[in-house]
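Raw protein-v6.txt, compact mmCIF, C-alpha atoms:
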# COMPACT_ATOMS: atom_id res chain seq x y z
CA ASN A 1 109.12 115.80 107.33
CA ALA A 2 108.59 115.73 111.07
CA TRP A 3 105.93 117.05 113.44
CA GLU A 4 104.82 116.76 117.07
CA GLU A 5 101.87 114.67 118.27
CA GLU A 6 101.31 114.95 122.03
CA ASP A 7 104.52 113.59 123.64
CA GLU A 8 105.95 112.24 120.38
CA VAL A 9 107.93 113.56 117.46
CA VAL A 10 106.89 111.78 114.24
CA LEU A 11 109.43 111.52 111.42
CA ILE A 12 108.74 110.31 107.87
CA THR A 13 112.01 109.21 106.31
CA CYS A 14 113.75 106.54 104.28
CA ARG A 15 116.06 104.04 105.89
CA LEU A 16 118.27 101.08 105.07
CA GLU A 17 117.75 97.82 106.96
CA ASN A 18 121.39 96.70 107.06
CA PRO A 19 123.53 99.04 105.00
CA ASP A 20 126.78 97.58 103.70
CA LEU A 21 128.23 100.55 101.88
CA ASP A 22 131.18 98.48 100.64
CA GLN A 23 128.70 96.45 98.59
CA VAL A 24 127.05 99.35 96.77
CA ASN A 25 129.92 100.41 94.52
CA GLY A 26 129.15 100.46 90.80
CA ALA A 27 125.96 100.66 88.81
CA ILE A 28 125.25 96.94 88.64
CA LYS A 29 121.51 96.44 89.01
CA GLU A 30 121.96 93.40 91.27
CA LYS A 31 123.65 95.60 93.86
CA LEU A 32 120.38 97.46 94.39
CA GLU A 33 119.37 94.76 96.89
CA ASN A 34 122.20 96.01 99.10
CA PHE A 35 120.75 99.51 98.97
CA SER A 36 117.07 98.94 99.64
CA ASN A 37 115.77 102.21 101.01
CA GLU A 38 112.23 101.97 102.31
CA LEU A 39 109.82 104.63 103.56
CA TYR A 40 109.28 104.54 107.34
CA GLU A 41 107.37 106.38 110.02
CA MET A 42 109.49 106.75 113.14
CA ARG A 43 108.13 107.93 116.49
CA PHE A 44 110.20 109.28 119.35
CA ASN A 45 108.52 109.71 122.72
CA MET A 46 110.07 112.76 124.34
CA LYS A 47 108.89 111.83 127.86
CA THR A 48 109.73 108.12 128.00
CA GLY A 49 112.65 108.04 125.56
CA GLU A 50 111.04 105.14 123.68
CA ALA A 51 111.26 104.92 119.91
CA SER A 52 109.21 102.93 117.41
CA GLN A 53 109.08 102.55 113.66
CA LYS A 54 106.55 101.44 111.05
CA LYS A 55 107.45 100.37 107.52
CA LEU A 56 105.43 102.24 104.87
CA SER A 57 106.80 100.87 101.57
CA ALA A 58 108.56 98.16 99.67
CA SER A 59 112.01 98.95 98.28
CA ALA A 60 113.49 101.04 96.69
CA VAL A 61 112.32 104.56 97.57
CA ASP A 62 114.40 107.62 98.30
CA PHE A 63 114.26 111.42 98.60
CA PRO A 64 110.84 111.73 100.29
CA ARG A 65 109.31 115.19 99.82
CA VAL A 66 106.13 116.89 100.94
CA ASN A 67 104.19 120.01 100.07
CA GLU A 68 106.55 122.48 101.80
CA SER A 69 103.56 124.34 103.26
CA TYR A 70 103.29 121.31 105.57
CA THR A 71 106.90 121.32 106.77
CA GLY A 72 106.83 120.71 110.52
CA ARG A 73 103.13 119.81 110.37
CA LYS A 74 101.31 116.52 109.95
CA GLN A 75 100.77 115.81 106.28
CA GLN A 76 98.87 113.20 104.27
CA TYR A 77 101.01 112.88 101.13
CA VAL A 78 104.66 112.07 100.54
CA TYR A 79 106.35 112.06 97.12
CA GLY A 80 109.43 109.93 96.63
CA THR A 81 111.65 108.63 93.88
CA THR A 82 111.85 105.05 92.69
CA LEU A 83 115.32 103.69 92.06
CA ASP A 84 116.78 101.30 89.49
CA SER A 85 120.26 101.53 90.93
CA ILE A 86 121.87 103.60 93.62
CA ALA A 87 122.36 106.63 91.42
CA LYS A 88 119.44 106.36 88.99
CA VAL A 89 115.95 107.64 89.68
CA THR A 90 113.49 105.84 87.38
CA GLY A 91 110.20 107.28 88.57
CA ILE A 92 108.11 109.26 91.01
CA ILE A 93 105.81 107.72 93.61
CA LYS A 94 103.00 109.23 95.69
CA PHE A 95 102.15 107.84 99.14
CA ASP A 96 98.99 108.51 101.18
CA LEU A 97 99.95 108.31 104.85
CA HIS A 98 96.28 108.08 105.86
CA THR A 99 95.95 104.75 104.02
CA LYS A 100 97.28 101.48 105.42
CA PRO A 101 100.38 100.22 103.58
CA ASP A 102 100.24 96.85 101.80
CA LEU A 103 103.32 95.29 103.38
CA GLY A 104 102.89 91.99 101.53
CA LYS A 105 104.25 93.55 98.36
CA THR A 106 107.83 92.90 97.31
CA LYS A 107 107.91 95.70 94.75
CA LEU A 108 106.46 99.17 94.41
CA GLU A 109 103.04 99.22 92.74
CA VAL A 110 99.79 101.14 93.07
CA GLY A 111 97.60 99.90 95.92
CA GLY A 112 97.53 100.23 99.67
CA ASN A 113 99.17 103.55 100.53
CA VAL A 114 100.76 103.91 97.07
CA GLN A 115 98.42 106.33 95.31
CA GLY A 116 100.40 106.81 92.09
CA LEU A 117 103.51 105.61 90.36
CA TYR A 118 105.02 107.34 87.33
CA ASP A 119 107.79 105.64 85.36
CA LEU A 120 110.08 108.06 83.49
CA GLY A 121 110.54 105.58 80.63
CA PRO A 122 113.33 103.34 79.30
CA GLY A 123 116.75 104.95 79.59
CA ARG A 124 115.34 108.07 81.27
CA PHE A 125 116.52 109.01 84.71
CA GLY A 126 115.46 111.88 86.91
CA SER A 127 116.14 113.83 90.04
CA GLU A 128 114.41 114.32 93.33
CA ALA A 129 111.00 115.87 92.65
CA VAL A 130 110.00 119.08 94.40
CA PHE A 131 106.33 119.74 95.12
CA VAL A 132 105.07 123.21 94.23
CA PRO A 133 101.55 124.02 95.46
CA ARG A 134 99.19 125.59 92.96
CA VAL A 135 98.12 128.02 95.69
CA PRO A 136 100.71 128.78 98.40
CA GLY A 137 99.71 128.00 101.96
CA THR A 138 97.38 125.41 103.42
CA ASP A 139 94.01 126.75 102.26
CA SER A 140 93.86 124.44 99.21
CA GLU A 141 94.09 120.65 99.05
CA GLU A 142 97.49 119.40 100.22
CA ASP A 143 98.16 117.58 96.92
CA ASP A 144 96.87 120.33 94.60
CA GLY A 145 100.03 121.32 92.80
CA TYR A 146 102.93 120.22 90.67
CA LEU A 147 105.98 118.00 90.97
CA ILE A 148 109.05 119.40 89.26
CA CYS A 149 112.12 117.33 88.45
CA PHE A 150 114.94 117.06 85.94
CA VAL A 151 114.93 114.12 83.50
CA HIS A 152 117.85 112.99 81.33
CA ASP A 153 117.38 110.59 78.40
CA GLU A 154 120.46 108.34 78.19
CA ASN A 155 119.25 107.02 74.81
CA THR A 156 119.71 110.42 73.18
CA GLY A 157 122.10 112.08 75.61
CA TYR A 158 119.69 114.99 75.98
CA PRO A 159 117.30 116.21 78.63
CA PHE A 160 113.82 114.81 78.20
CA PRO A 161 111.16 117.52 78.08
CA LEU A 162 108.33 116.11 80.14
CA ASN A 163 105.18 118.11 80.63
CA THR A 164 102.74 115.38 81.52
CA SER A 165 99.46 115.82 83.31
CA LEU A 166 99.13 113.13 85.93
CA ASN A 167 95.63 114.01 86.98
CA GLU A 168 94.62 110.38 86.34
CA LEU A 169 97.38 109.06 88.59
CA TYR A 170 98.11 111.71 91.17
CA GLU A 171 95.57 114.47 90.77
CA ILE A 172 98.64 116.66 90.32
CA LYS A 173 100.91 117.46 87.41
CA LEU A 174 104.51 116.39 86.90
CA TYR A 175 106.91 118.69 85.11
CA ALA A 176 110.41 117.72 84.17
CA LEU A 177 112.80 120.53 83.39
CA SER A 178 115.62 120.19 80.90
CA ALA A 179 119.06 121.33 81.93

For this file, produce the structure as structure tokens.
Amino acid sequence: NAWEEEDEVVLITCRLENPDLDQVNGAIKEKLENFSNELYEMRFNMKTGEASQKKLSASAVDFPRVNESYTGRKQQYVYGTTLDSIAKVTGIIKFDLHTKPDLGKTKLEVGGNVQGLYDLGPGRFGSEAVFVPRVPGTDSEEDDGYLICFVHDENTGYPFPLNTSLNELYEIKLYALSA
């Protein structure tokens, strides 16, 4: 997501420190270190041309999403995926952009700006999660809604039907749809 603040455009995105795409072939877990996406806030000053960035997470996070009612507007919450390898999403993570990140962490865990972390389970891999507000628009709480994603269980070869309330973790619900 991106929005304007005075003379700046603010962008919340994932980035790679030093991508070496030749090193990320295959599904070997060790190669994840070569593909360490992290959540960042980037600021671009439209008057001075200056740019700055602030790291918001440990690795590995990808596919950041927001409540789409906040597209182009400043938002508080970002939902991302946690990765086990380049192609395998192992969980869903919720960030609070109004809370200071704990940059001393070397792995993703609850605390600092990480408000919730949901692991899909052993051998289960998912997709990018889409946030669906319970009430369309911006009249309700920004994080009052549902995350919807697809989950595949490699242990059984079938989709995993997940209909789990995450009120304890996220104050939202996560729904996984089977294909």

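Of note, CA of Leu97 (chain A) and CA of Gln115 (chain A) are spaced 9.9 Å apart.
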
Looking at A:Ala2, A:Gly116, A:Ser69, A:Phe95, which one is nearest to Thr138 (chain A), with distances taken over all atoms listed in the file? A:Ser69

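Residues in contact with Lys94 (chain A) at up to 9 Å, not including ones fewer than 3 positions away on its chain and judged by only C-alpha atoms, are Tyr77, Val78, Tyr79, Gly80, Thr81, Asn113, Val114, Gln115, Gly116, Leu117, Tyr118 and Tyr170 of chain A.
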
Pull the closest atom pair for each residue of region 80-166 of chain A that gets at most 12 Å from region 33-56 of chain A, along with the distance in Å to one decimal, counting only C-alpha atoms, ordering rows by chain and then ascending residue number, as JSON lines.
{"residue": "A:Gly80", "atom": "CA", "partner": "A:Leu39", "partner_atom": "CA", "distance": 8.7}
{"residue": "A:Thr81", "atom": "CA", "partner": "A:Asn37", "partner_atom": "CA", "distance": 10.4}
{"residue": "A:Thr82", "atom": "CA", "partner": "A:Asn37", "partner_atom": "CA", "distance": 9.6}
{"residue": "A:Leu83", "atom": "CA", "partner": "A:Asn37", "partner_atom": "CA", "distance": 9.1}
{"residue": "A:Asp84", "atom": "CA", "partner": "A:Glu33", "partner_atom": "CA", "distance": 10.2}
{"residue": "A:Ser85", "atom": "CA", "partner": "A:Phe35", "partner_atom": "CA", "distance": 8.3}
{"residue": "A:Ile86", "atom": "CA", "partner": "A:Phe35", "partner_atom": "CA", "distance": 6.8}
{"residue": "A:Ala87", "atom": "CA", "partner": "A:Phe35", "partner_atom": "CA", "distance": 10.5}
{"residue": "A:Ile93", "atom": "CA", "partner": "A:Leu39", "partner_atom": "CA", "distance": 11.2}
{"residue": "A:Lys94", "atom": "CA", "partner": "A:Leu39", "partner_atom": "CA", "distance": 11.4}
{"residue": "A:Phe95", "atom": "CA", "partner": "A:Leu56", "partner_atom": "CA", "distance": 8.7}
{"residue": "A:Asp96", "atom": "CA", "partner": "A:Leu56", "partner_atom": "CA", "distance": 9.7}
{"residue": "A:Leu97", "atom": "CA", "partner": "A:Leu56", "partner_atom": "CA", "distance": 8.2}
{"residue": "A:His98", "atom": "CA", "partner": "A:Leu56", "partner_atom": "CA", "distance": 10.9}
{"residue": "A:Thr99", "atom": "CA", "partner": "A:Leu56", "partner_atom": "CA", "distance": 9.8}
{"residue": "A:Lys100", "atom": "CA", "partner": "A:Leu56", "partner_atom": "CA", "distance": 8.2}
{"residue": "A:Pro101", "atom": "CA", "partner": "A:Leu56", "partner_atom": "CA", "distance": 5.6}
{"residue": "A:Asp102", "atom": "CA", "partner": "A:Leu56", "partner_atom": "CA", "distance": 8.1}
{"residue": "A:Leu103", "atom": "CA", "partner": "A:Leu56", "partner_atom": "CA", "distance": 7.4}
{"residue": "A:Gly104", "atom": "CA", "partner": "A:Leu56", "partner_atom": "CA", "distance": 11.1}
{"residue": "A:Lys105", "atom": "CA", "partner": "A:Leu56", "partner_atom": "CA", "distance": 10.9}
{"residue": "A:Thr106", "atom": "CA", "partner": "A:Glu38", "partner_atom": "CA", "distance": 11.3}
{"residue": "A:Lys107", "atom": "CA", "partner": "A:Glu38", "partner_atom": "CA", "distance": 10.7}
{"residue": "A:Leu108", "atom": "CA", "partner": "A:Glu38", "partner_atom": "CA", "distance": 10.2}
{"residue": "A:Gly112", "atom": "CA", "partner": "A:Leu56", "partner_atom": "CA", "distance": 9.7}
{"residue": "A:Asn113", "atom": "CA", "partner": "A:Leu56", "partner_atom": "CA", "distance": 7.7}
{"residue": "A:Val114", "atom": "CA", "partner": "A:Leu56", "partner_atom": "CA", "distance": 9.2}

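Counting only C-alpha atoms, the residue from A:Thr13, A:Gly91, A:Val110, A:Ala58 that sits nearest to Glu128 (chain A) is A:Gly91.
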